[in-house]
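Participant: Let me give you the structure first, and then I'll get to my questions.
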Number of protein chains: 2
Amino acid sequence: MGGRLGGYSRAERQDASPSDDTGDGWRLVRQASAHGEAHDETLFALSDGWLGVRADFEERPGRSGGAFIADVYERKSIDYHERFPGFARATDTRMPAADGKHVQVRLGAQGYDLADGEILGCERALDLATGQLKRTTDWRLPGGEALRVTAERVACFRHPGLYPLRFTLESIDFAGPVALDATIATENHATAKSNDPRIGVEAAALPLIGWRGGANLAIAVQAMPSRGLVVLCGQTVRGGAAAAPERPGVLTARGELRPGARMTLEKFVAYEICAEDEAAIAEAANRLGDRLTAAAARGFDALAAEQAEELHAFWAAAEVCIAGEPALELALRLNLFHLRQSADPSGRHGLAVKGLTGEGYEGHVFWDAEIFMLPVLIHLQPDLARAHLEFRCRHLDGARAHAREMNFERGALYPWRTIGGAECSAYFPGGSAQIHINTAVARAIGLYLDATGDFQFLVDRAAEVLFETARIWLQAGFFDPRRDGGFFICGVTGPDEYTALVDNNFYTNLTARAHLKLARAIAERFEAEHPEAFAAMTSRIGLTAEERATWAAAAAAMHLPYDRSLGVHAQDDRFLTKPRFDLTAAAHRRPLLLHYHPLTLYRHQVCKQADAVLGLVLEGRDIPLEQKRRDFDYYEPITAHDSTLSATTFAVLAAEVNAPEAAMGFFRETTLVDLENLHDNTHHGAHMAAMAGSWLALVWGFAGLRIQSGRMTFKPTLPADFHGYSARMAWRGATFELSVRPDFAQYRLISGGPVEIEHEGERMVLEGPAPVRRPWGASAPLEAVIFDLDGVLTDTAQAHYRAWKRLADEIGAPFDAQANEQLKGVDRMTSLDILLARGGIDLAPRQRLALAERKNGYYRAEIADLGPGDLLPGARAALERTRAAGLGTALASASRNAPQIIAQLGIGDLLDAVVEVTPERRGKPAPDLFLAAAALVDAAPSRCLAVEDSIAGVAAIRAAGMTAIGVGDPAVLTEAQLTIQDLTHFQPRRPRQAN
Amino acid sequence: MGGRLGGYSRAERQDASPSDDTGDGWRLVRQASAHGEAHDETLFALSDGWLGVRADFEERPGRSGGAFIADVYERKSIDYHERFPGFARATDTRMPAADGKHVQVRLGAQGYDLADGEILGCERALDLATGQLKRTTDWRLPGGEALRVTAERVACFRHPGLYPLRFTLESIDFAGPVALDATIATENHATAKSNDPRIGVEAAALPLIGWRGGANLAIAVQAMPSRGLVVLCGQTVRGGAAAAPERPGVLTARGELRPGARMTLEKFVAYEICAEDEAAIAEAANRLGDRLTAAAARGFDALAAEQAEELHAFWAAAEVCIAGEPALELALRLNLFHLRQSADPSGRHGLAVKGLTGEGYEGHVFWDAEIFMLPVLIHLQPDLARAHLEFRCRHLDGARAHAREMNFERGALYPWRTIGGAECSAYFPGGSAQIHINTAVARAIGLYLDATGDFQFLVDRAAEVLFETARIWLQAGFFDPRRDGGFFICGVTGPDEYTALVDNNFYTNLTARAHLKLARAIAERFEAEHPEAFAAMTSRIGLTAEERATWAAAAAAMHLPYDRSLGVHAQDDRFLTKPRFDLTAAAHRRPLLLHYHPLTLYRHQVCKQADAVLGLVLEGRDIPLEQKRRDFDYYEPITAHDSTLSATTFAVLAAEVNAPEAAMGFFRETTLVDLENLHDNTHHGAHMAAMAGSWLALVWGFAGLRIQSGRMTFKPTLPADFHGYSARMAWRGATFELSVRPDFAQYRLISGGPVEIEHEGERMVLEGPAPVRRPWGASAPLEAVIFDLDGVLTDTAQAHYRAWKRLADEIGAPFDAQANEQLKGVDRMTSLDILLARGGIDLAPRQRLALAERKNGYYRAEIADLGPGDLLPGARAALERTRAAGLGTALASASRNAPQIIAQLGIGDLLDAVVEVTPERRGKPAPDLFLAAAALVDAAPSRCLAVEDSIAGVAAIRAAGMTAIGVGDPAVLTEAQLTIQDLTHFQPRRPRQAN
C-alpha cells in the first residue's frame, strides 16, 4: 500500500523499517494482553458514520462493548436542585443499541460456554487500507482443550447500518459437537456513570419491547420512549441457521470439530429505525429481512471487497506519510481512518466528539466538529464536510430557540452540546456561556466555501446560518462611548474551561470579528449575485442593511485585550491580573478538573487548553510573529493541556513561532492521544478532534498551511525527527500532494486542477502532473542579515562598563569584570536587577527606574563623542557587502541608544531597519528583537542570518529560527552555527552556503 | 399596652387613631377572605424558636399548612448532570413534621364533616403583646345550619416543642350530637416544588413508621431515614378523650349542641426527637406522655398567661413606637415578634432565613442571620444573638471541611446555606462563591462583643471561629507585585447575585479588610489577656504570629475598586464597564431571576440587591458622605431590589445621604414586606432578614445608629411622615430608649447603666432614669455657612457670557441670553454639551475637551483684572459677620477658576475652605460640592446654611440636606427656604432661626 499510494516510492523511503515490505504502515496490530480491553475496543471500533460498533469479543456476549447509532439517543430531563430560566431542560443521550455481533459457542456434550474459558492469547489487526478488522483469540476450555477463534468484520460505507462478520472456530485439540449461537445482546454494559463530568448520565439500556424474526432471521426491537421511536437490530446467518422458539433472537448452527478442523459462521447484522407503531415496525422488519437476505447472499468477502474499494478511494485522496517515524505515520493514518468513519454523509447527523466509538460526552456534537474535524474533512472528503454543515443548517431553528432561551431577541445561537439540535449543557459556565461556538460554525462555512467554491450551498442554506449567528454579537456585545466607542463582549466563556464568565475573551472577540466580517462579505456577494434570493431571505429573517452595516462597525471597533507591560494578548480583561496556579504542585492531580473546585481554577491563571493561542492560529494572520512568539511563551507554561484539543493548537503555533521541540512534543501528543491512551479515557471513546488535529498539526503546523484570501499558503518546515513527510489534500475539486524533504518542498497534482497556492509568499499555479519543487526555510536563499550593535558593529562595552561601575559605586553594589560579563547583551532593567541582586539591594520599582535612568545618563555622556572611527574592524564593509549582495540589513540591539549611536557611527544609511526597543519587546535571549527586525525588512526568519557577540544574543537568534553567526570565541558561543573573529571577511550571499 | 410600655404616653401620642384605646397598636387583625390563605398562615405562624406552626385551620385537616421543627430535616443527595469536585453532594432540607393542631368536627346523625361546609366569615387576630392567636370562623353546613369555631393558640417559649390550643365550637342554629376528633396530620401538603429556585426540592412527607399511645394519648412516629432519627408528635386532650383502636392517632370527645351552646376542647401537642431505635422511641414516648399530661393539667389559660409574661418581658426590652404611622408601627412590631419567635435559645440551631414559618429556601440558614437578624437581636435579646453564634461555633468543623472542599488548605469557610453545618448550595456561582459569608460571621462576633462586652465568649469559643475564617483571605487573595503590592481577591460572588464570579468585589474586599483587622485586634487582646489559652489555641490550629502579621499587611494593602471618571466605588473590577440593563423594559418580568438566564443578568450592570451600598452601610465610617451620596445615586437606579434584603440597606444609606423620600420608600418596603406580601411569596415563609431589617432601617437609618470604636453613635433624623418614634435597645447589660421628636432626641435609661453614647458627635453618659434631650439636625445650632461664588459673592456672569459667546461664534453654535441662562451654575463640560446640543454639533470627547479648554482660556482672560471692587454688595461684610458669629465659612463653586478669583477679590482669608473641583465631583444640582464643603469645615450638613443664586445650586443645597438661602428672585428660586436680594443684611447666628 505504501508503495502504491505513498508520497514516497518504496525506494525513496529512508526509513527502512523491517515492517515496510509487509505493509505494516497500514496495519495496526495489538496483543490484547498488553492493553486494557476497553481501550482496544475503542481503537478497533468500526463505523460507517451512522452505525459504530466497538471491538469487543463476539464470543463473550454481555461483557462491555456496544453498538452506537447516530439516530439512537434518548431525551432525558436534567434535574437541577436550583434551576434558573434558560437552563437546558433536557439532554440528548446517545444510548447503546442492541448489539448483534455476538456468537455464543457451546462445546462438547457438557455444553461448555467458550466465554467461560481462559484466554491464551489474543491479537487484533486492523488493516487501514481495507477497513477489515481481524481478531485471533486462543482459548482454553475449563476442561483443558484449546481452540482458536478468528473473527473478521468490516463496516460498509455503501450500506450504512449493515455490518458483516465472519466467525471461525478452529480446534487445536478439541473434539466433539459444537453449537454456534448467533445472538443479539440487548443489555447495556457500557461504562457506568462516575464523578467524571466528561462522561455524563448513566446510559441504561433501551427497553426491549419484543423479538421478531422468521426462518434464519432474528430481530430485537428496542424502544426510545422519549422520542416515540424504535430501533430494530436484525441478524441472519449465511447458509442458514435454526431458530428455537424458546430462545428468541438466537440462530443456531451446529457442527462437529476435531483437532485442526474449523467451523465458520458468516453473520450479517443490520438496523432500522421507525416509529413505535405496529404497522411501521412490521414494515421495518420486512425491510430489514430483505436487506439481510441480500447481504447474506453476497457473502462476507464480497462486502469486505467493496469496503476495501471505499478505503482505497479514501486513501487516494487522503494519504499521509511520515518518513523516519513509522509509529507516528501509522497513528496518523489510524486517526484519519477514524475521522472518516465518524462522518455521516446524510447531512442528518453532526460530527460527534467521540464519533460512534463510545459513550463519552453522551455522544454529543461540540465546536470540536467545526474547529478541528471539519478543517481536515474539507481537504480529505469535502462532501462529508458539507454533510456536517447541512446538519447545522437543519438545526437552525433549534439554534434560534436556544438564542431565545438565552434572552437574545434575534438571531441564532448554536447549542454548546447537542445531538438533536437543542442545548444539552447542564453546566452553563462551561457550556452555553461558550457562545464562541457561533464563530466556529461561521468559520467552518467560510472554510468550506474557500475549499470548494460551492457558493450555491451558501445561497441555498448556509448564508442564513451565517447571518443569523452573526446577529448574536450585536446583542451580546455593545459599543461603549466611555471607551472610545470600542465594541465589548461581556459575560462569556472562551475555549479555556478553567476560566469562565469573563469579559472580552480574546479568542471570542477575535473570532467574532472574523465572523462579522465574513457575514458582511458574504452578504455583499449574495446580494450582488442573487439579489432576489437575498432580498427574500433577509426579509424573511428581518435582517436590514442597517444591521449589516453595524456588523462592520462592530468588527472595526472590536476590543482585543492586550497587556502592554507583559507584551502579550490577554486571554480576557482580567486574566492576567490573577495569580498563577502552581501546576508543578498539582502534577499528581491531573486533569485538574477532576481534583479542584471550578472556582479554584477560575481564580487562577491556568488554562485547560489553548485559548488565546487558538485565536492566534485561526485568526492570527495580521499579528506579527514576534507577538505570537511572546504569546506562545507566556501561555504555554500556564496551560495544563487537560483537554485533548490543546496539543493540536500548541503544535501548530509552536511550529509557526519556531519552537521545534515543543511542536514535535505536541504533535506526538495529539497524534498518539488514543493509540497510547494519553488522557486515560480512550475507553470512553476516541478523541475525534485530537485525531483530526494530528493532521492539522502536520499540515497547518509543520507545513504551515493557512487559508488566506481564499488561497492556500504554505511555509513548510521539517521536524528534526522526520526524514520527510507528505500529505494529500483536495482544493476546489482537485487533489494534490505536498511533500516536504530536507532540501525542498514538492507540490504535485494528483487529479483535477489547476490549483493556485502560495509557497513562502511565492504564488504558483499547479497544472498537470509535473511536480513543482521549491527550496524552503533554511535551504531557501538568504533575504536579510540582522546585526547586533554592541560588540558587533562597535564596542560600547567600555562605555557601558564605566557607566555601570559609576552607578554601582554610588549605590554601594560590588562591580567587577565578571559582573560586567553578565550584563552583556542584556537590556538595561535586567542588567540593573542583576547588579542589585549581586549587591543584595532591594528597591521599589520607581527607585529602580530612576537608577536605570541615571546609568543611562552616564552612558550617554560616555558615548557622546563616538564617531565613525569607533566602528569595529570590517563593520562598515560588511554592511556594504551585505547590501551589495542584494540582502536587507537590520539592526537588532537591546540598546535604547542605538539610533543615536548609529547616527554617530555614520552607518544609518546602510541599515534598512532599526528595531525600536519598546516596553513589550523582551530582551535577549528572547527572539523578539530579531523577529521584529525580520518583519521590518519583510523577510522570513528562516531566510535571515544574524550576527551576535553574546551568548544571550546567539540564543535569541536561534530562538527566532535564524542562522546565528557568532563574533567571538567559538568555545563560548557554542550555539552559533558559525563563529568568526570579526566582520573583516563577512560576505553573505543570497544562495546560502550550507550551515 | 401602648400606654403601659410605649415610648410615648397616651397623652403624648400625636396620632389619635381611633384604634389606640383598644390597644390595636398591638393586635394584628385580618379577615381571611381579604388575603390568600397561605399568606395569612405565614403571617400568623407561632413559634418557640424550635417548633414553628403555621396558622392553618384546625378543623380543615390536610389542607396545606405544616409544622416545622429546627431538628427535623432530611439530608438529600443533590444530582448534577455534570458534577465537578467540591460541589455539595447533599442538601439539608427542612421537612414538615406531623402536624398535631387538627380537630375534625363531625356533626349530627349523618356525621357531616365541618370541613365540607362553606366559610361564612373568618377573622384572625394575633395579640403581639401576649403572643396569643385567636381565629374565629363561621361555617355553614351543607345542610344549611351555621356554626362558629373559635381556635386559640399560643407558643410556649418556656417549653419548646409544646403547643396548647383551645378549640371552641358554638352552634348558631345547629342542634344535634357532635364528635370532636383530635387528630395528627402526617401528610405533607406544603407548597410543591416549582421552577422558582428559591423554594428548593419538593418536601415529601416524612415516612410514618407507626402510632403509639394510650389512654388519652396519641403519638405519631415519623422517620428521618437519612439521619437515623425519628420525630414523635403527641397529643392529649384536657379532661380526656377516647381513643379508638381502629383509628390510630385520633382522640374523640363527644357532646351535644343546640343553638347558642358551645363545646370546647383543649388540646396539647408536643414533640420529641430520638434515635430510630425501639428502646429510644419507647423512652421518648414516655417523656412525651409525661409532658403532655403535665401541660393538660395546667390547662390552656395557664400556659397562655406564661407566654404573655414572656412577651411582656420581650417588649419591655424591645418596644418600638412610630407616632403618626400606626400601620407601620404595627408592622414593625409584628416583624420583631417574628424575629423573636425565630430564635432558638439552645445554641444548636441557626437563625433560618424563613424562621420556622414555611418551607422556602429549604429551611436554610444564610448570611442573612449575621448581617440582618443578629444586629437587631444583639440589641433586643443578646442571649439569643449569642445562641446563634454558638450554632456557628458548633459547626466550625463543618466550615473547615467546606474550606477543604473549596481547596483552601487552612482555615474555615462557612457554607453559604446550611442547616446541619455542611454546604447545601447546588449552584455555586450564587452560593459557595459568596465567601463573604466569612466576613458576616466575623462581623457578628465583633458586634456581639461590642454590645455585650462578653470577651469570655470569644476566649472560650468564638475567637477560634474569627481566626479560622480570617485565614481564608490570605488564600483566596494575593499580593500582586505588578500592582504596587496591592492585595486582590479574585473569583468571588458578592451579595448581588445578578453578578457572579468577579474579581475584587468591593463589598467582599471591604468587609474582608474589616475581618482581618478585627481578627488581628482580637488576637492581640486575647494574647495579652489570656496568654496561655491563646498559645494553646493557636498552636492547636497552627496559627503563627507571622500569619497574623500578614493579616494586617493584607488589610492595609486591600484593593478597593474605584472609578475616578464616574466618581463611584466599582462593585467589582469589571462591573462598571458592562452595559446597563434596561430595568424599565423588564418592568413586567420581575423578579428578573425568574425571567432571565443568569448569563444575561451577569452580562449587564444590574443588581439584585444592595452590594457596594451594603459595604458603605456596614464599613463606610471613613468614607466621605459626598462619596456615599454619589454611590447611592449611581447604584439605586441599577438595582432591581429583587431581594428582600435590598430595601433595608438602601433605606439606611438613603437616610444617611439625605434622600428622605427614598429612605421612607425603602423603609415601607422592608417593613411591609410580609404584611403586604410585597414579593409575592410570603406563603413560602416570612422574610426574617427583611423583617429584622425594618428595625435597622428605623434605628440605623432614621436614628443613624452606628457602632464606632465600641460605642453607639446616633445622628437622628425624623421622616416627614412620622410625628416621632422611639426604640428600646440593650447595651452592655443596660436597656435604654431612644425617642426622636421634631425638636429633640431623647435618650432614657430603662434599666442598668451607665451607657456611653454619642449624639451627633457629642459623647454623653446615660446614668439614672432622667432622660437626656438634645436638639438634632435642623433644630441644632448652625455650624457653618457655605457660599457659591458667581452671582453670590461676585458676578462673573458677563465674563462667562462673553467667553461662551466667543466660542459659540467660532464653532457656529447659536448663542443668546436664553442659552446663557441655561449654563448658570452648571459646570464647564456640561455647559459645553448644552451649547453643542443646541447647535446640533457632535464631537469626539477629545475635541470637546479642547473646546472647553479654549473657552476657559477666553474666560481667564476676561477675569484677569477682577479686583475687590468686583465683590457684590455686602459680600465682604457677610463673610465677616459669618466669621464673627463663630461659624465656619466655605466656598462651593463649580468653577475651576475659583481660587484665582478669590485671590483677586481679596477674600481668601475670610474662607475657611474652598472646595476643589475634581473629576469625580459632580456639578450642581448634585450635592457633591456642598457636601465636600461641609466636610472641609467639619460640619454636619444639617447644621449648614448655604447661599446660592441659581436653581441648580439651590437644588444642590437641598440635596445635601442643608438650609438653602437663595439670592435673587423668590419666584425663580422656589426651592430655597429663604430668598434675599443680596448679602447686604445677611446675618447668620449659631442658634438658628426657624426655617
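Following the order of the C-alpha cells, chains are lettered A, B, ..., residues in each are numbered from 1, and ligands are numbered from 1.
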Which residues come within 8 Å of Tyr80 in chain A, counting only C-alpha atoms, excluding same-chain residues fewer than 6 positions away, as a list in words?
Facilitator: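 The contact residues come out as Asp79, Tyr80 and Ala426 of chain B.
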Participant: Keeping only N, CA and C atoms, write the selected residues as a JSON list (two decimals), in the first residue's frame.
Facilitator:
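Okay, this is what ended up in result.json:
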[["chain", "number", "residue", "atom", "x", "y", "z"],
["B", 79, "ASP", "N", -28.36, 15.84, 42.75],
["B", 79, "ASP", "CA", -27.94, 15.31, 41.45],
["B", 79, "ASP", "C", -27.37, 16.43, 40.60],
["B", 80, "TYR", "N", -26.26, 16.16, 39.97],
["B", 80, "TYR", "CA", -25.72, 17.10, 38.98],
["B", 80, "TYR", "C", -25.58, 16.32, 37.68],
["B", 426, "ALA", "N", -26.42, 24.21, 45.68],
["B", 426, "ALA", "CA", -26.24, 23.40, 44.48],
["B", 426, "ALA", "C", -25.80, 24.25, 43.29]]
Participant: Can you tell me which residues surround Asp573 in chain B at a distance of at most 8 Å, considering only C-alpha atoms, apart from same-chain residues fewer than 2 positions away, and format the answer as a PyMOL selection string?
Facilitator: chain B and resi 502-505+561+570-571+575-576
Participant: Store the residues picked out above, limited to N, CA and C atoms, as a tab-separated table (two decimals), in the first residue's frame.
Facilitator:
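Listing of result.tsv after writing:
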chain	number	residue	atom	x	y	z
B	502	VAL	N	-16.65	37.34	40.14
B	502	VAL	CA	-15.95	38.56	39.76
B	502	VAL	C	-14.63	38.67	40.53
B	503	ASP	N	-13.83	39.63	40.12
B	503	ASP	CA	-12.59	39.92	40.82
B	503	ASP	C	-12.78	41.20	41.64
B	504	ASN	N	-12.36	41.13	42.89
B	504	ASN	CA	-12.35	42.30	43.76
B	504	ASN	C	-13.72	42.95	43.90
B	505	ASN	N	-14.64	42.13	44.36
B	505	ASN	CA	-15.94	42.68	44.73
B	505	ASN	C	-15.73	43.67	45.88
B	561	PRO	N	-11.96	48.68	44.60
B	561	PRO	CA	-12.09	49.24	43.25
B	561	PRO	C	-12.88	50.54	43.24
B	570	ALA	N	-16.54	50.99	42.48
B	570	ALA	CA	-16.95	49.99	41.49
B	570	ALA	C	-17.34	48.72	42.23
B	571	GLN	N	-18.47	48.17	41.87
B	571	GLN	CA	-18.91	46.95	42.57
B	571	GLN	C	-17.86	45.85	42.47
B	575	PHE	N	-17.40	45.62	36.81
B	575	PHE	CA	-18.83	45.91	36.83
B	575	PHE	C	-19.19	47.15	36.01
B	576	LEU	N	-18.44	48.21	36.20
B	576	LEU	CA	-18.83	49.49	35.58
B	576	LEU	C	-18.54	49.53	34.09
Participant: For chain A, which of B:Pro637, B:Gly961, B:Gly299, B:Pro845 is the closest residue, counting only C-alpha atoms?
Facilitator: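 So, comparing all the options, the nearest one is B:Pro845.
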Participant: At a cut-off of 12 Å, using only C-alpha atoms, what residues contact Asp563 in chain A? Leave out same-chain residues fewer than 2 positions from it and give the result as a list in words.
Facilitator: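 Near Asp563 in chain A, the qualifying residues are Phe506, Leu560, Pro561, Ser565, Leu566, Gly567, Val568, His569, Ala570, Gln571, Asp572, Asp573, Arg574, Phe575, Leu576, Thr577, Gln627, Arg630, Asp631, Tyr634, Pro919, Glu920 and Arg921 of chain A; Arg482 of chain B.
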Participant: Where does DSSP see strand (DSSP E or B) in range 813-962 of chain B, if you list the residues as a count of residues only?
Facilitator: 12
Participant: If we count only C-alpha atoms, what is near Asp99 in chain A at a cut-off of 8 Å, once residues fewer than 6 positions away on the same chain are taken out, given as a PyMOL selection string?
Facilitator: chain A and resi 66-67+184-186+233
Participant: Report as a tab-separated table the residues of chain B within 8 Å of chain A, each with its shortest atom pair and distance in Å (one decimal), using only C-alpha atoms, ordered by chain and increasing residue number.
Facilitator:
residue	atom	partner	partner_atom	distance
B:Ile78	CA	A:His81	CA	6.5
B:Asp79	CA	A:Asp79	CA	6.7
B:Tyr80	CA	A:Tyr80	CA	6.8
B:His81	CA	A:Ala426	CA	5.9
B:Glu82	CA	A:Pro197	CA	4.6
B:Arg83	CA	A:Pro197	CA	5.4
B:Phe84	CA	A:His597	CA	6.4
B:Pro85	CA	A:His597	CA	4.9
B:Gly86	CA	A:His597	CA	5.0
B:Phe87	CA	A:His597	CA	7.2
B:Asn195	CA	A:Arg83	CA	6.3
B:Asp196	CA	A:Arg83	CA	7.2
B:Pro197	CA	A:Glu82	CA	4.6
B:Arg198	CA	A:Glu82	CA	7.5
B:Gly200	CA	A:Glu82	CA	6.5
B:Val201	CA	A:His81	CA	6.5
B:Glu405	CA	A:His597	CA	7.3
B:Met406	CA	A:His597	CA	5.8
B:Asn407	CA	A:Tyr596	CA	6.6
B:Ala426	CA	A:His81	CA	6.0
B:Tyr427	CA	A:Glu82	CA	6.5
B:Ala433	CA	A:Leu599	CA	7.2
B:Phe478	CA	A:Pro579	CA	7.0
B:Asp480	CA	A:Pro579	CA	7.8
B:Cys490	CA	A:Arg603	CA	5.4
B:Gly491	CA	A:Arg603	CA	4.7
B:Leu501	CA	A:Leu501	CA	7.2
B:Asp503	CA	A:Arg574	CA	7.8
B:Arg574	CA	A:Asp503	CA	7.8
B:Lys578	CA	A:Cys490	CA	6.6
B:Pro579	CA	A:Phe478	CA	7.0
B:Leu593	CA	A:Phe84	CA	6.9
B:Leu594	CA	A:Pro85	CA	6.0
B:His595	CA	A:Pro85	CA	5.8
B:Tyr596	CA	A:Pro85	CA	5.6
B:His597	CA	A:Pro85	CA	4.9
B:Pro598	CA	A:Phe84	CA	7.0
B:Leu599	CA	A:Gly491	CA	6.5
B:Thr600	CA	A:Asn407	CA	6.8
B:Tyr602	CA	A:Gly491	CA	6.3
B:Arg603	CA	A:Gly491	CA	4.7
B:His604	CA	A:Cys490	CA	7.9
Participant: Figure out the distance between CA of Gly350 in chain A and CA of Leu616 in chain A, please, to one decimal in Å.
Facilitator: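 Answer for the CA of Leu616 in chain A to CA of Gly350 in chain A separation: 26.4 Å.
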Participant: Can you list, as a ChimeraX atom specification, every protein, DNA or RNA residue that comes within 10 Å of Cys122 in chain B when you count only C-alpha atoms, leaving out same-chain residues fewer than 3 positions away?
Facilitator: /B:30-34,119,135-139,148-150
Participant: Set the distance at 8 Å and use only C-alpha atoms: which residues neighbour Ala305 in chain B once local chain neighbours fewer than 4 positions away are removed? I'd like the list as a count of residues only.
Facilitator: 3
Participant: By how many Å are CA of Arg711 in chain A and CA of Ile322 in chain A apart?
Facilitator: 25.1 Å
Participant: I'd like to know which residues of range 179-410 of chain B are helix (DSSP H, G or I) (by DSSP, run on the backbone); could you write them as an mmCIF file with C-alpha atoms, in the first residue's frame?
Facilitator:
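This went into result_12.cif:
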data_model
loop_
_atom_site.group_PDB
_atom_site.id
_atom_site.type_symbol
_atom_site.label_atom_id
_atom_site.label_comp_id
_atom_site.auth_asym_id
_atom_site.auth_seq_id
_atom_site.Cartn_x
_atom_site.Cartn_y
_atom_site.Cartn_z
ATOM 1 C CA PRO B 225 -34.214 7.971 57.260
ATOM 2 C CA SER B 226 -31.136 9.844 56.115
ATOM 3 C CA ARG B 227 -30.247 10.758 59.687
ATOM 4 C CA GLU B 278 -37.095 0.778 69.698
ATOM 5 C CA ALA B 279 -35.864 1.493 73.224
ATOM 6 C CA ALA B 280 -35.171 5.132 72.486
ATOM 7 C CA ILE B 281 -38.588 5.565 70.922
ATOM 8 C CA ALA B 282 -40.295 3.975 73.899
ATOM 9 C CA GLU B 283 -38.432 6.255 76.259
ATOM 10 C CA ALA B 284 -39.215 9.324 74.176
ATOM 11 C CA ALA B 285 -42.889 8.344 74.030
ATOM 12 C CA ASN B 286 -42.935 8.134 77.808
ATOM 13 C CA ARG B 287 -41.345 11.533 78.136
ATOM 14 C CA LEU B 288 -43.847 12.923 75.691
ATOM 15 C CA GLY B 289 -46.741 11.426 77.601
ATOM 16 C CA ASP B 290 -45.473 12.945 80.839
ATOM 17 C CA ARG B 291 -45.014 16.363 79.270
ATOM 18 C CA LEU B 292 -48.463 16.315 77.745
ATOM 19 C CA THR B 293 -50.115 15.157 80.933
ATOM 20 C CA ALA B 294 -48.430 17.956 82.855
ATOM 21 C CA ALA B 295 -49.426 20.515 80.254
ATOM 22 C CA ALA B 296 -53.035 19.370 80.178
ATOM 23 C CA ALA B 297 -53.149 19.537 83.956
ATOM 24 C CA ARG B 298 -52.121 23.172 83.848
ATOM 25 C CA PHE B 300 -54.577 26.415 78.174
ATOM 26 C CA ASP B 301 -55.117 29.595 80.154
ATOM 27 C CA ALA B 302 -52.178 28.976 82.478
ATOM 28 C CA LEU B 303 -49.789 28.327 79.607
ATOM 29 C CA ALA B 304 -51.112 31.318 77.696
ATOM 30 C CA ALA B 305 -50.525 33.500 80.727
ATOM 31 C CA GLU B 306 -46.975 32.266 80.973
ATOM 32 C CA GLN B 307 -46.377 33.131 77.330
ATOM 33 C CA ALA B 308 -47.879 36.581 77.886
ATOM 34 C CA GLU B 309 -45.293 37.096 80.638
ATOM 35 C CA GLU B 310 -42.561 36.139 78.212
ATOM 36 C CA LEU B 311 -43.840 38.571 75.627
ATOM 37 C CA HIS B 312 -44.182 41.290 78.210
ATOM 38 C CA ALA B 313 -40.533 40.873 79.112
ATOM 39 C CA PHE B 314 -39.618 40.907 75.468
ATOM 40 C CA TRP B 315 -41.433 44.136 74.703
ATOM 41 C CA ALA B 316 -40.093 45.762 77.834
ATOM 42 C CA ALA B 317 -36.695 45.420 76.189
ATOM 43 C CA ALA B 318 -37.688 45.782 72.575
ATOM 44 C CA PRO B 326 -49.940 53.249 63.104
ATOM 45 C CA ALA B 327 -49.849 50.767 60.250
ATOM 46 C CA LEU B 328 -46.063 50.894 60.051
ATOM 47 C CA GLU B 329 -45.815 50.721 63.822
ATOM 48 C CA LEU B 330 -47.901 47.567 63.925
ATOM 49 C CA ALA B 331 -45.958 46.051 61.038
ATOM 50 C CA LEU B 332 -42.635 46.786 62.703
ATOM 51 C CA ARG B 333 -43.834 45.187 65.927
ATOM 52 C CA LEU B 334 -45.058 42.153 64.005
ATOM 53 C CA ASN B 335 -41.620 41.904 62.435
ATOM 54 C CA LEU B 336 -39.867 41.967 65.789
ATOM 55 C CA PHE B 337 -42.362 39.443 67.143
ATOM 56 C CA HIS B 338 -41.454 37.053 64.320
ATOM 57 C CA LEU B 339 -37.761 37.706 64.781
ATOM 58 C CA ARG B 340 -38.074 36.819 68.461
ATOM 59 C CA GLN B 341 -40.075 33.702 67.562
ATOM 60 C CA SER B 342 -37.452 32.532 65.055
ATOM 61 C CA GLY B 360 -38.944 28.409 51.435
ATOM 62 C CA TYR B 361 -35.192 28.062 50.869
ATOM 63 C CA GLU B 362 -35.454 24.586 52.411
ATOM 64 C CA GLY B 363 -35.241 25.998 55.911
ATOM 65 C CA ASP B 368 -28.935 36.971 56.441
ATOM 66 C CA ALA B 369 -28.663 35.761 60.028
ATOM 67 C CA GLU B 370 -25.458 37.652 60.775
ATOM 68 C CA ILE B 371 -25.941 40.702 58.600
ATOM 69 C CA PHE B 372 -29.599 41.493 59.178
ATOM 70 C CA MET B 373 -31.082 39.457 62.024
ATOM 71 C CA LEU B 374 -28.275 39.353 64.541
ATOM 72 C CA PRO B 375 -27.591 43.113 64.654
ATOM 73 C CA VAL B 376 -31.170 43.509 65.869
ATOM 74 C CA LEU B 377 -31.069 40.619 68.309
ATOM 75 C CA ILE B 378 -27.921 41.865 69.998
ATOM 76 C CA HIS B 379 -29.928 44.940 71.000
ATOM 77 C CA LEU B 380 -33.226 43.238 71.768
ATOM 78 C CA PRO B 382 -28.422 39.480 73.374
ATOM 79 C CA ASP B 383 -28.697 35.910 74.668
ATOM 80 C CA LEU B 384 -30.464 34.811 71.522
ATOM 81 C CA ALA B 385 -27.794 36.518 69.446
ATOM 82 C CA ARG B 386 -25.212 34.564 71.364
ATOM 83 C CA ALA B 387 -27.136 31.341 70.800
ATOM 84 C CA HIS B 388 -26.894 31.847 67.071
ATOM 85 C CA LEU B 389 -23.156 32.443 67.326
ATOM 86 C CA GLU B 390 -22.872 29.248 69.371
ATOM 87 C CA PHE B 391 -24.508 27.471 66.452
ATOM 88 C CA ARG B 392 -21.731 28.802 64.189
ATOM 89 C CA CYS B 393 -19.072 27.774 66.722
ATOM 90 C CA ARG B 394 -20.608 24.316 66.922
ATOM 91 C CA LEU B 396 -16.673 25.200 62.888
ATOM 92 C CA ASP B 397 -15.506 21.745 61.840
ATOM 93 C CA GLY B 398 -18.104 21.711 59.090
ATOM 94 C CA ALA B 399 -16.764 25.056 57.915
ATOM 95 C CA ARG B 400 -13.253 23.629 57.969
ATOM 96 C CA ALA B 401 -14.413 20.708 55.867
ATOM 97 C CA HIS B 402 -16.104 23.068 53.434
ATOM 98 C CA ALA B 403 -12.901 25.081 53.138
ATOM 99 C CA ARG B 404 -11.067 21.907 52.115
ATOM 100 C CA GLU B 405 -13.780 21.133 49.558
#
Participant: Please provide the set of residues having any atom within 8 Å of Val917 in chain A, restricted to only C-alpha atoms, with same-chain residues fewer than 3 positions apart removed, written as number ranges by chain.
Facilitator: A: 893-896, 921, 929
Participant: Kindly indicate which residue among B:Asp674, B:Ala813, B:Arg417, B:Pro781 lies nearest to Gly840 in chain B, using only C-alpha atoms for the distances.
Facilitator: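 Looking only at the distances to Gly840 in chain B, the closest residue turns out to be B:Ala813.
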Participant: Have a look at CA of Gln609 in chain B and CA of Ala703 in chain B and let me know their distance in Å, one decimal.
Facilitator: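 Value for the CA of Gln609 in chain B-CA of Ala703 in chain B distance: 22.7 Å.
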